[in-house]
$ cat coords.cif   # mmCIF, C-alpha atoms and all ligand atoms
data_run
#
loop_
_atom_site.label_atom_id
_atom_site.label_comp_id
_atom_site.auth_asym_id
_atom_site.auth_seq_id
_atom_site.Cartn_x
_atom_site.Cartn_y
_atom_site.Cartn_z
CA MET O 209 179.11 -2.96 46.70
CA GLU O 210 177.95 0.44 48.03
CA LYS O 211 174.21 1.09 48.32
CA LEU O 212 174.50 3.74 45.65
CA ALA O 213 172.05 4.15 42.77
CA VAL O 214 172.47 6.29 39.66
CA HIS O 215 169.09 7.42 38.35
CA PHE O 216 168.70 9.00 34.87
CA GLY O 217 165.71 11.34 34.39
CA GLY O 218 164.56 13.87 37.01
CA GLY O 219 161.15 14.51 35.44
CA ALA O 220 157.72 13.66 36.84
CA LEU O 221 158.10 9.88 37.27
CA GLY O 222 161.80 9.93 38.16
CA ARG O 223 161.33 12.36 41.03
CA GLY O 224 157.78 11.24 41.81
CA LEU O 225 158.44 7.51 42.11
CA VAL O 226 161.81 6.00 41.22
CA VAL O 227 164.09 8.19 43.34
CA PRO O 228 161.75 7.96 46.38
CA LEU O 229 161.66 4.13 46.10
CA LEU O 230 165.46 3.98 45.96
CA GLU O 231 165.84 6.41 48.84
CA GLN O 232 163.25 4.61 50.99
CA SER O 233 165.07 1.33 50.28
CA GLY O 234 168.20 2.76 51.88
CA TYR O 235 170.09 3.85 48.75
CA GLU O 236 172.03 7.03 48.26
CA VAL O 237 170.90 8.44 44.94
CA VAL O 238 172.73 10.40 42.26
CA LEU O 239 170.29 12.09 39.88
CA VAL O 240 171.40 12.50 36.25
CA ASP O 241 169.53 14.77 33.87
CA VAL O 242 170.17 17.14 30.95
CA ASN O 243 168.23 20.06 32.43
CA ASP O 244 170.92 22.25 34.04
CA ALA O 245 168.50 24.62 35.79
CA LEU O 246 166.64 21.70 37.40
CA LEU O 247 169.89 20.07 38.51
CA GLU O 248 171.08 23.32 40.06
CA ARG O 249 167.87 23.65 42.08
CA VAL O 250 167.97 20.04 43.27
CA ARG O 251 171.65 20.38 44.25
CA ALA O 252 171.04 23.63 46.11
CA ASP O 253 168.11 22.11 48.04
CA LYS O 254 169.94 18.76 48.52
CA GLY O 255 166.87 17.12 47.03
CA TYR O 256 163.26 18.14 46.45
CA ASP O 257 159.76 17.59 47.85
CA ILE O 258 156.97 15.26 46.80
CA CYS O 259 153.35 15.63 47.86
CA LEU O 260 151.14 12.57 48.35
CA THR O 261 147.76 14.04 47.49
CA ASP O 262 145.66 11.13 48.76
CA ALA O 263 147.43 10.30 52.01
CA GLU O 264 145.37 9.38 55.02
CA GLY O 265 144.42 12.58 56.80
CA GLY O 266 145.12 14.85 53.81
CA LEU O 267 148.12 16.08 51.83
CA ARG O 268 151.48 14.70 53.00
CA THR O 269 154.71 16.35 51.84
CA ALA O 270 158.09 14.61 52.16
CA HIS O 271 161.61 15.75 51.37
CA ILE O 272 163.55 13.34 49.16
CA GLY O 273 167.29 13.62 49.80
CA MET O 274 169.90 13.35 47.08
CA LEU O 275 173.64 12.63 47.21
CA ASP O 276 174.32 14.60 44.03
CA ALA O 277 172.59 15.89 40.88
CA ILE O 278 174.71 15.93 37.74
CA SER O 279 174.47 16.43 34.01
CA SER O 280 175.01 13.55 31.58
CA VAL O 281 176.37 16.14 29.14
CA HIS O 282 178.66 18.34 31.26
CA ASP O 283 179.66 16.10 34.18
CA VAL O 284 180.94 13.08 32.28
CA ASP O 285 183.89 12.39 34.63
CA ALA O 286 181.72 12.58 37.74
CA LEU O 287 179.15 10.32 36.07
CA ARG O 288 181.80 7.73 35.22
CA GLY O 289 182.94 7.76 38.85
CA TYR O 290 179.43 7.30 40.24
CA LEU O 291 178.59 4.58 37.70
CA GLY O 292 181.70 2.68 38.78
CA ARG O 293 180.50 2.73 42.41
CA ALA O 294 176.79 2.16 41.80
CA SER O 295 175.10 -1.18 42.40
CA ILE O 296 172.04 -0.29 40.30
CA VAL O 297 171.13 2.13 37.52
CA THR O 298 167.54 3.25 36.90
CA THR O 299 165.92 5.37 34.20
CA ALA O 300 162.73 7.41 33.69
CA VAL O 301 163.69 9.46 30.64
CA ARG O 302 160.98 8.53 28.03
CA ARG O 303 161.49 5.98 25.29
CA GLU O 304 163.19 8.28 22.78
CA ASN O 305 165.97 9.14 25.25
CA LEU O 306 166.95 5.60 26.26
CA ARG O 307 169.57 5.47 23.52
CA HIS O 308 171.32 8.48 25.06
CA VAL O 309 171.39 6.76 28.45
CA ALA O 310 172.79 3.63 26.77
CA ARG O 311 175.55 5.74 25.24
CA SER O 312 176.38 7.29 28.62
CA LEU O 313 176.79 3.79 30.09
CA VAL O 314 178.82 2.34 27.26
CA ALA O 315 180.87 5.26 25.88
CA ASP O 316 183.37 5.49 28.73
CA ALA O 317 183.04 1.93 29.94
CA THR O 318 185.50 1.10 32.73
CA GLU O 319 186.05 -2.25 34.38
CA GLU O 320 183.86 -1.09 37.26
CA SER O 321 180.93 -0.26 35.00
CA VAL O 322 180.70 -3.79 33.60
CA GLY O 323 177.70 -5.91 34.60
CA LYS O 324 175.48 -3.19 36.07
CA PRO O 325 171.76 -3.95 36.34
CA VAL O 326 169.63 -1.29 34.65
CA VAL O 327 165.93 -0.92 35.50
CA CYS O 328 164.13 1.16 32.86
CA ALA O 329 161.07 2.59 34.62
CA GLU O 330 159.37 3.58 31.39
CA ASN O 331 155.96 3.06 29.77
CA VAL O 332 157.62 0.78 27.24
CA GLU O 333 156.62 -2.76 26.31
CA HIS O 334 159.61 -5.13 26.62
CA ALA O 335 161.74 -2.25 27.88
CA GLY O 336 164.66 -4.58 28.64
CA GLU O 337 164.89 -5.78 25.04
CA LEU O 338 164.68 -2.22 23.72
CA PHE O 339 167.41 -1.06 26.09
CA GLY O 340 169.56 -4.06 25.11
CA ARG O 341 169.27 -3.02 21.46
CA CYS O 342 170.18 0.58 22.34
CA LEU O 343 173.28 -0.68 24.19
CA ARG O 344 174.43 -2.87 21.31
CA GLU O 345 173.84 -0.13 18.73
CA CYS O 346 176.07 2.38 20.47
CA ALA O 347 178.96 -0.03 21.20
CA THR O 348 181.70 0.36 18.60
CA THR O 349 184.86 -0.94 20.34
CA GLU O 350 185.56 -4.34 21.87
CA ARG O 351 185.50 -2.89 25.38
CA GLN O 352 182.18 -1.15 24.71
CA THR O 353 180.64 -4.30 23.25
CA ALA O 354 181.73 -6.31 26.29
CA CYS O 355 180.20 -3.67 28.56
CA ALA O 356 176.96 -3.57 26.52
CA GLU O 357 176.62 -7.35 26.67
CA SER O 358 177.32 -7.50 30.39
CA ILE O 359 174.47 -5.16 31.34
CA VAL O 360 171.38 -6.87 32.70
CA ALA O 361 168.20 -5.01 31.72
CA PRO O 362 164.90 -6.71 32.62
CA SER O 363 161.54 -5.70 31.23
CA THR O 364 159.49 -3.66 33.65
CA MET O 365 156.05 -2.43 34.58
CA VAL O 366 155.74 0.95 36.25
CA ASP O 367 152.74 2.90 37.41
CA ARG O 368 152.15 6.03 39.48
CA ILE O 369 150.46 9.26 38.40
CA CYS O 370 152.99 12.02 38.84
CA SER O 371 152.79 15.68 37.92
CA ALA O 372 155.85 17.91 38.01
CA THR O 373 155.50 21.62 38.79
CA TRP O 374 158.72 22.52 36.94
CA PRO O 375 159.72 25.24 35.94
CA GLU O 376 157.80 26.87 38.85
CA GLY O 377 159.48 24.56 41.34
CA THR O 378 160.82 21.05 41.94
CA LEU O 379 157.76 19.76 43.84
CA VAL O 380 156.10 16.68 42.33
CA ASN O 381 152.44 15.99 43.11
CA THR O 382 151.59 12.33 43.20
CA GLU O 383 149.60 9.58 44.94
CA THR O 384 150.15 6.76 47.39
CA PHE O 385 149.55 3.97 44.82
CA HIS O 386 152.57 2.68 42.93
CA GLU O 387 153.83 -0.40 41.11
CA LEU O 388 157.38 -0.93 39.88
CA LEU O 389 158.11 -4.54 38.97
CA VAL O 390 160.81 -6.22 36.90
CA ASP O 391 160.93 -9.55 35.06
CA SER O 392 162.23 -12.17 37.52
CA LYS O 393 163.37 -14.40 34.64
CA VAL O 394 166.02 -11.81 33.74
CA MET O 395 166.64 -10.36 37.21
CA PRO O 396 165.60 -12.75 40.02
CA GLN O 397 165.98 -9.97 42.58
CA THR O 398 166.65 -6.27 42.30
CA GLY O 399 168.46 -5.71 45.58
CA VAL O 400 166.12 -2.75 46.14
CA GLU O 401 163.52 -3.53 48.76
CA LEU O 402 160.78 -1.44 47.13
CA ILE O 403 161.39 -2.56 43.53
CA GLY O 404 159.83 -5.99 43.22
CA VAL O 405 160.01 -8.85 40.73
CA THR O 406 157.30 -10.88 39.00
CA ASP O 407 157.33 -14.05 36.92
CA SER O 408 154.42 -12.74 34.83
CA ILE O 409 155.67 -9.37 33.65
CA ASP O 410 153.76 -9.59 30.34
CA ALA O 411 150.42 -10.08 32.11
CA ALA O 412 151.14 -7.28 34.57
CA PHE O 413 152.23 -4.98 31.76
CA ALA O 414 149.19 -5.77 29.57
CA ARG O 415 146.77 -5.10 32.46
CA LYS O 416 148.37 -1.76 33.27
CA ARG O 417 148.86 -0.80 29.64
CA LEU O 418 145.25 -1.31 28.58
CA LEU O 419 143.29 -0.45 31.69
CA LEU O 420 145.44 2.54 32.61
CA ASN O 421 147.57 3.87 29.71
CA THR O 422 145.15 3.29 26.84
CA PHE O 423 142.28 4.55 29.00
CA ALA O 424 144.20 7.64 30.19
CA ASP O 425 145.69 8.47 26.80
CA ALA O 426 142.53 7.98 24.75
CA SER O 427 140.59 10.09 27.28
CA SER O 428 143.26 12.78 27.14
CA PHE O 429 143.40 12.96 23.35
CA LEU O 430 139.62 13.43 23.17
CA GLY O 431 139.58 15.71 26.22
CA MET O 432 142.22 17.98 24.75
CA GLN O 433 140.06 18.48 21.65
CA LYS O 434 137.24 19.60 23.94
CA GLY O 435 139.53 22.19 25.54
CA LEU O 436 140.01 20.32 28.84
CA SER O 437 143.21 21.16 30.71
CA TYR O 438 143.89 18.20 32.98
CA LEU O 439 143.92 14.42 32.82
CA HIS O 440 141.41 14.04 35.68
CA GLU O 441 138.87 16.23 33.83
CA ALA O 442 138.95 13.92 30.80
CA ILE O 443 138.44 10.85 33.00
CA VAL O 444 135.22 12.20 34.53
CA ASP O 445 133.88 13.77 31.31
CA GLU O 446 130.73 11.85 30.40
CA GLU O 447 130.86 12.75 26.71
CA VAL O 448 134.48 11.60 26.36
CA GLN O 449 133.80 8.38 28.25
CA GLY O 450 130.61 7.73 26.29
CA GLU O 451 132.55 7.97 23.02
CA LEU O 452 135.32 5.67 24.22
CA ALA O 453 133.17 3.02 25.91
CA PRO O 454 132.81 0.56 22.95
CA TYR O 455 136.59 0.57 22.42
CA LEU O 456 137.67 0.31 26.07
CA ALA O 457 135.13 -2.43 26.77
CA MET O 458 136.88 -4.77 24.30
CA PHE O 459 140.02 -5.16 26.39
CA ASP O 460 138.57 -7.59 28.94
CA THR O 461 138.32 -10.35 26.32
CA LEU O 462 142.04 -10.04 25.58
CA LEU O 463 143.07 -9.82 29.23
CA GLU O 464 140.93 -12.83 30.14
CA ARG O 465 141.80 -15.10 27.23
CA LYS O 466 145.48 -14.32 26.71
CA TYR O 467 146.61 -13.36 30.22
CA GLY O 468 144.24 -15.36 32.42
CA TYR O 469 142.60 -12.54 34.38
CA GLY O 470 139.20 -13.17 35.93
CA ALA O 471 136.21 -10.90 35.23
CA ASP O 472 135.94 -9.76 38.88
CA GLU O 473 139.64 -9.03 39.08
CA LEU O 474 139.44 -6.86 35.96
CA ALA O 475 136.37 -5.01 37.23
CA SER O 476 138.23 -4.23 40.43
CA TRP O 477 141.34 -2.97 38.55
CA ARG O 478 139.15 -0.83 36.26
CA GLU O 479 137.52 0.81 39.26
CA ARG O 480 140.88 1.38 40.93
CA TYR O 481 142.36 3.00 37.82
CA ARG O 482 139.30 5.19 37.30
CA THR O 483 139.39 6.40 40.89
CA ARG O 484 143.12 7.17 40.77
CA LEU O 485 142.97 8.95 37.42
CA SER O 486 140.03 11.07 38.64
CA ASN O 487 142.09 12.53 41.51
CA PRO O 488 141.56 16.32 41.11
CA LEU O 489 144.54 17.11 43.33
CA ILE O 490 147.01 15.82 40.73
CA LEU O 491 146.91 18.57 38.13
CA ARG O 492 148.50 16.54 35.35
CA ASP O 493 148.53 18.78 32.29
CA ILE O 494 146.54 16.94 29.64
CA SER O 495 149.24 17.58 27.03
CA THR O 496 151.75 15.51 29.05
CA VAL O 497 149.47 12.49 28.55
CA ALA O 498 148.06 13.22 25.07
CA ARG O 499 151.51 13.20 23.49
CA ASP O 500 153.10 11.31 20.57
CA LEU O 501 149.89 10.11 18.91
CA TRP O 502 151.61 8.42 15.97
CA ARG O 503 154.11 6.53 18.14
CA LYS O 504 151.21 5.30 20.28
CA LEU O 505 149.43 4.06 17.15
CA GLY O 506 152.32 1.69 16.39
CA VAL O 507 151.51 -2.03 16.05
CA GLU O 508 153.06 -2.89 19.43
CA GLU O 509 151.66 0.15 21.19
CA ARG O 510 148.63 0.90 23.38
CA PHE O 511 146.04 1.86 20.75
CA ALA O 512 146.37 -0.65 17.89
CA TRP O 513 148.03 -3.62 19.61
CA PRO O 514 144.95 -4.78 21.56
CA LEU O 515 142.84 -4.66 18.39
CA LEU O 516 145.43 -6.71 16.50
CA GLU O 517 145.44 -9.33 19.24
CA LEU O 518 141.63 -9.46 19.24
CA LEU O 519 141.62 -9.82 15.44
CA ASP O 520 143.83 -12.89 15.88
CA MET O 521 141.29 -14.29 18.32
CA GLY O 522 138.52 -13.89 15.76
CA VAL O 523 136.79 -11.10 17.67
CA ASP O 524 134.82 -8.50 15.68
CA VAL O 525 136.89 -5.35 16.34
CA GLU O 526 134.82 -3.02 14.17
CA PRO O 527 133.23 -1.09 17.11
CA GLY O 528 136.67 -0.40 18.60
CA VAL O 529 138.19 0.57 15.25
CA ALA O 530 135.36 3.05 14.65
CA VAL O 531 136.16 4.80 17.94
CA LEU O 532 139.89 4.81 17.22
CA VAL O 533 139.44 6.25 13.73
CA ASP O 534 137.30 9.02 15.21
CA LEU O 535 139.96 9.75 17.86
CA ILE O 536 142.70 9.90 15.20
CA GLY O 537 140.62 12.19 12.98
CA LYS O 538 140.02 14.60 15.86
CA SER O 539 143.55 14.54 17.28
CA ALA O 540 145.95 14.25 14.35
CA GLY O 541 145.31 17.76 13.07
CA GLU O 542 145.89 16.61 9.47
CA PRO O 543 143.62 16.24 6.42
CA ALA O 544 141.98 12.81 5.96
CA GLY O 545 144.24 11.93 3.00
CA ASP O 546 147.40 12.52 5.08
CA ILE O 547 146.01 10.52 7.98
CA SER O 548 145.27 7.62 5.65
CA ARG O 549 148.83 7.73 4.29
CA ARG O 550 150.37 7.81 7.78
CA LEU O 551 148.20 4.92 8.93
CA GLU O 552 149.32 2.96 5.88
CA GLU O 553 152.95 3.64 6.92
CA THR O 554 152.25 2.76 10.55
CA TRP O 555 150.20 -0.42 10.05
CA GLY O 556 150.78 -1.45 6.44
CA GLY O 557 154.13 -3.20 7.03
CA ASP O 558 152.52 -5.87 9.22
CA GLU O 559 150.11 -8.60 8.08
CA ARG O 560 147.73 -8.04 11.00
CA GLY O 561 148.11 -4.27 10.56
CA ARG O 562 146.90 -4.50 6.98
CA ARG O 563 143.74 -6.25 8.18
CA LEU O 564 143.19 -3.45 10.67
CA LEU O 565 143.81 -0.89 7.95
CA GLU O 566 141.10 -2.43 5.77
CA ILE O 567 138.57 -2.10 8.58
CA ALA O 568 139.75 1.43 9.43
CA GLU O 569 139.40 2.57 5.82
CA ARG O 570 135.70 1.77 5.93
CA HIS O 571 135.36 4.40 8.66
CA PHE O 572 137.25 7.19 6.93
CA ALA O 573 134.31 8.82 5.24
N1 LIG N 601 154.54 11.03 34.61
C1 LIG N 601 153.90 9.92 34.94
O1 LIG N 601 152.94 9.94 35.72
C2 LIG N 601 154.35 8.58 34.41
C3 LIG N 601 153.70 7.45 34.90
C4 LIG N 601 154.12 6.18 34.47
C5 LIG N 601 155.15 6.07 33.58
N2 LIG N 601 155.76 7.20 33.10
C6 LIG N 601 156.89 6.98 32.20
O2 LIG N 601 158.06 7.53 32.81
C7 LIG N 601 158.97 7.96 31.81
C8 LIG N 601 159.33 9.42 32.08
O3 LIG N 601 158.14 10.18 31.95
P1 LIG N 601 157.95 11.56 32.69
O4 LIG N 601 156.50 11.84 32.70
O5 LIG N 601 158.71 11.58 33.96
O6 LIG N 601 158.66 12.53 31.63
P2 LIG N 601 159.36 13.93 31.88
O7 LIG N 601 159.46 14.57 30.56
O8 LIG N 601 158.67 14.62 33.00
O9 LIG N 601 160.82 13.54 32.40
C9 LIG N 601 161.86 13.04 31.59
C10 LIG N 601 163.16 13.56 32.17
O10 LIG N 601 164.24 12.89 31.52
C11 LIG N 601 165.26 13.85 31.29
N3 LIG N 601 166.16 13.34 30.24
C12 LIG N 601 165.94 13.33 28.90
N4 LIG N 601 167.03 12.79 28.29
C13 LIG N 601 167.91 12.47 29.25
C14 LIG N 601 169.21 11.87 29.26
N5 LIG N 601 169.82 11.52 28.12
N6 LIG N 601 169.84 11.70 30.44
C15 LIG N 601 169.24 12.07 31.59
N7 LIG N 601 168.01 12.62 31.65
C16 LIG N 601 167.36 12.81 30.50
C17 LIG N 601 164.49 15.11 30.93
O11 LIG N 601 165.29 16.28 31.03
C18 LIG N 601 163.36 15.08 31.95
O12 LIG N 601 163.73 15.70 33.16
C19 LIG N 601 158.26 7.77 30.47
O13 LIG N 601 158.67 6.55 29.89
C20 LIG N 601 156.78 7.71 30.85
O14 LIG N 601 156.04 6.98 29.95
C21 LIG N 601 155.39 8.45 33.50
O1 LIG N 602 154.76 8.56 28.67
P1 LIG N 602 153.93 8.24 27.47
O2 LIG N 602 153.82 9.43 26.58
O3 LIG N 602 154.29 6.96 26.81
O4 LIG N 602 152.49 8.01 28.02
C1 LIG N 602 151.79 9.03 28.68
C2 LIG N 602 150.71 8.33 29.42
O5 LIG N 602 150.32 7.14 28.87
C3 LIG N 602 151.13 7.88 30.70
O6 LIG N 602 151.79 8.89 31.29
C4 LIG N 602 149.91 7.42 31.49
O7 LIG N 602 148.78 7.85 30.97
C5 LIG N 602 150.06 7.84 32.84
O8 LIG N 602 151.05 7.05 33.36
C6 LIG N 602 148.80 7.79 33.63
O9 LIG N 602 149.21 7.83 34.94
#
$ encode --input "coords.cif" --output "structure tokens" --more "lines below"
Ligand SMILES: NC(=O)c1ccc[n+]([C@@H]2O[C@H](COP(=O)([O-])OP(=O)(O)OC[C@H]3O[C@@H](n4cnc5c(N)ncnc54)[C@H](O)[C@@H]3O)[C@@H](O)[C@H]2O)c1
Ligand SMILES: O=P(O)(O)OC[C@@H](O)[C@@H](O)[C@H](O)[C@H](O)CO
Amino acid sequence: MEKLAVHFGGGALGRGLVVPLLEQSGYEVVLVDVNDALLERVRADKGYDICLTDAEGGLRTAHIGMLDAISSVHDVDALRGYLGRASIVTTAVRRENLRHVARSLVADATEESVGKPVVCAENVEHAGELFGRCLRECATTERQTACAESIVAPSTMVDRICSATWPEGTLVNTETFHELLVDSKVMPQTGVELIGVTDSIDAAFARKRLLLNTFADASSFLGMQKGLSYLHEAIVDEEVQGELAPYLAMFDTLLERKYGYGADELASWRERYRTRLSNPLILRDISTVARDLWRKLGVEERFAWPLLELLDMGVDVEPGVAVLVDLIGKSAGEPAGDISRRLEETWGGDERGRRLLEIAERHFA
């Protein structure tokens, strides 16, 4: 099999992490996106630049080469050809677009496209299972169903702070730190030197989700209300961090008891995340982090899920709920009655969610 990778999603993380990892692992990469202007620029420049803002000795810019850059909408024949030759497919498109990628893989399934591994580099819990469902839902013929079932999609954990400068240019500002791991139980090896495997994907995901995503997102939602412009400003804002402290402090209990982390290990991760997220050279627009509040309030998502788990452990979650209710009130931009109704829809269908709702209602004054 050729060392060819087809990557869907040329946004911040796709260009800032996934494509560079593939390229540095010796793969030729075909970028697939739906943004025609971006694709044209990348094709014309035969790639794009990334800037490592925290490299030793100062900023370090590198050119990331690209075999081709095509549209999943207009270049369907070319895409089919590349998919047939590829030994791995990767995505960084955001959760809501995974079903479109699944359709691209299954719609014109050929014999060559059967059995491809797909690594979804997304901030999505159990991304492999979600992608599997997307594949099955869009398969309507026997051939498509066989293709959907043959695709191996492990769950993943991905982390790097990336900020795209588009539409000004194709440069992505990022950092040296990165993690991209897949579940070894589903995919024992990725065949890509710089994409690793782990036998404890749930623990790795929970650590990154709570100590990085929940921290970054909660800070950004509150920071945006204060008129801050960038993620790093919200991380170093004492008022924002003071408000969030009782909520964020609760996560260690969950990470220690359910996932086996040690207190020192967690303290060291917390410090590492805080330092990275405070990097003032990555101008990550705060609105690209403080997005999709209601999705993130879902029972399996970063804001409510840890509280539900702690409830199960018999922990008093009231201090955390109070902070979360305040964050929702400030960020939702809706009257209290509407917020209450939406929370009922979001949490009320789940037994643990209803317990959380009861506590939350005490704080909606
Ligand atoms: N930006 C970060 O620092 C960061 C860090 C960790 C994880 N993530 C995760 O990475 C994923 C991507 O986030 P992002 O910040 O790069 O978003 P983004 O909006 O910058 O990029 C998404 C890209 O996907 C493209 N796209 C949408 N539908 C498509 C389709 N059907 N086919 C091909 N391309 C399609 C869009 O045009 C866009 O270029 C998300 O799941 C996010 O949670 C991002
Ligand atoms: O992509 P989302 O909208 O699910 O999440 C946005 C942020 O959670 C996410 O981008 C992190 O905060 C970011 O990865 C911090 O580096």
$ axis_aligned_box --input "coords.cif" --around "ligand LIG 601 (chain N)" --padding-each-side "6 Å" --output "lines of an AutoDock Vina configuration file"
center_x = 161.4
center_y = 11.2
center_z = 31.9
size_x = 28.9
size_y = 22.2
size_z = 19.6
$ atom_distance --input "coords.cif" --atom1 "atom CA of Ala568 of chain O" --atom2 "atom C3 of ligand LIG 601 (chain N)"
29.7 Å
$ closest_residue --input "coords.cif" --among "O:Thr461, O:Gln449, O:Thr382, O:Thr269" --to "ligand LIG 601 (chain N)" --atoms "all atoms listed in the file"
O:Thr382
$ atom_distance --input "coords.cif" --atom1 "atom C13 of ligand LIG 601 (chain N)" --atom2 "atom CA of Asn487 of chain O"
28.6 Å
$ closest_residue --input "coords.cif" --among "O:Ser486, O:Gln232, O:Thr298, O:Gln352" --to "ligand LIG 602 (chain N)" --atoms "only C-alpha atoms and all ligand atoms"
O:Ser486
$ closest_residue --input "coords.cif" --among "O:Cys355, O:Val297, O:Ala498, O:Leu343" --to "Ala317 of chain O" --atoms "only C-alpha atoms"
O:Cys355
$ residues_near_ligand --input "coords.cif" --ligand "ligand LIG 602 (chain N)" --cutoff "7 Å" --atoms "only C-alpha atoms and all ligand atoms" --output "list of chain:residue names"
O:Arg302, O:Asn331, O:Asp367, O:Arg368, O:Ile369, O:Cys370, O:Leu420, O:Asn421, O:Thr422, O:Ala424, O:Asp425, O:Leu485, O:Thr496, O:Val497, O:Ala498, O:Arg499, O:Asp500
$ closest_atom_pairs --input "coords.cif" --of "segment 429-466 of chain O" --to "segment 524-541 of chain O" --cutoff "8 Å" --atoms "only C-alpha atoms" --output "Markdown table"
| residue | atom | partner | partner_atom | distance |
| --- | --- | --- | --- | --- |
| O:Phe429 | CA | O:Ser539 | CA | 6.3 |
| O:Leu430 | CA | O:Leu535 | CA | 6.5 |
| O:Gln433 | CA | O:Ser539 | CA | 6.8 |
| O:Glu451 | CA | O:Val531 | CA | 7.0 |
| O:Leu452 | CA | O:Val531 | CA | 6.4 |
| O:Pro454 | CA | O:Gly528 | CA | 5.9 |
| O:Tyr455 | CA | O:Gly528 | CA | 3.9 |
| O:Leu456 | CA | O:Gly528 | CA | 7.6 |
| O:Met458 | CA | O:Gly528 | CA | 7.2 |
$ residues_near_ligand --input "coords.cif" --ligand "ligand LIG 601 (chain N)" --cutoff "7 Å" --atoms "all atoms listed in the file" --output "JSON, numbers by chain"
{"O": [216, 217, 218, 219, 220, 221, 222, 240, 241, 242, 243, 280, 300, 301, 302, 303, 305, 306, 308, 309, 329, 330, 331, 332, 366, 367, 368, 369, 370, 371, 372]}
$ residues_around --input "coords.cif" --residues "Leu419 of chain O" --least-positions-apart "3" --cutoff "10 Å" --atoms "all atoms listed in the file" --output "ChimeraX atom specification"
/O:414-416,422-424,456-457,459-460,463,474-475,477-482,510
$ atom_distance --input "coords.cif" --atom1 "atom CA of Gly255 of chain O" --atom2 "atom CA of His271 of chain O"
7.0 Å
$ residues_near_point --input "coords.cif" --point "(147.3, 17.2, 29.1)" --cutoff "8 Å" --atoms "only C-alpha atoms" --output "PyMOL selection string"
chain O and resi 428+432+436-439+492-498
$ residues_around --input "coords.cif" --residues "segment 284-287 of chain O" --least-positions-apart "3" --cutoff "12 Å" --atoms "all atoms listed in the file" --output "MDAnalysis selection string"
chainID O and resid 213:216 238:242 276:281 290:294 297 309 311:318 321
$ closest_residue --input "coords.cif" --among "O:Glu248, O:Glu401, O:Asp257, O:Pro396" --to "Leu229 of chain O" --atoms "only C-alpha atoms"
O:Glu401
$ closest_residue --input "coords.cif" --among "O:Arg549, O:Lys324, O:Arg503, O:Arg268" --to "Asn381 of chain O" --atoms "all atoms listed in the file"
O:Arg268
$ closest_residue --input "coords.cif" --among "O:Leu501, O:Ser358, O:Glu383, O:Asp520" --to "Glu319 of chain O" --atoms "all atoms listed in the file"
O:Ser358
$ residues_around --input "coords.cif" --residues "segment 406-413 of chain O" --least-positions-apart "3" --cutoff "6 Å" --atoms "only C-alpha atoms" --output "mmCIF file with C-alpha atoms, in the frame of the given file"
data_model
loop_
_atom_site.group_PDB
_atom_site.id
_atom_site.type_symbol
_atom_site.label_atom_id
_atom_site.label_comp_id
_atom_site.auth_asym_id
_atom_site.auth_seq_id
_atom_site.Cartn_x
_atom_site.Cartn_y
_atom_site.Cartn_z
ATOM 1 C CA MET O 365 156.050 -2.430 34.580
ATOM 2 C CA ASP O 391 160.930 -9.550 35.060
ATOM 3 C CA SER O 392 162.230 -12.170 37.520
ATOM 4 C CA LYS O 416 148.370 -1.760 33.270
ATOM 5 C CA ARG O 417 148.860 -0.800 29.640
ATOM 6 C CA TYR O 467 146.610 -13.360 30.220
#
$ residues_around --input "coords.cif" --residues "Trp555 of chain O" --least-positions-apart "5" --cutoff "10 Å" --atoms "all atoms listed in the file" --output "list of chain:residue names"
O:Leu505, O:Gly506, O:Val507, O:Ala512, O:Arg550, O:Arg560, O:Gly561, O:Arg562, O:Arg563, O:Leu564, O:Leu565
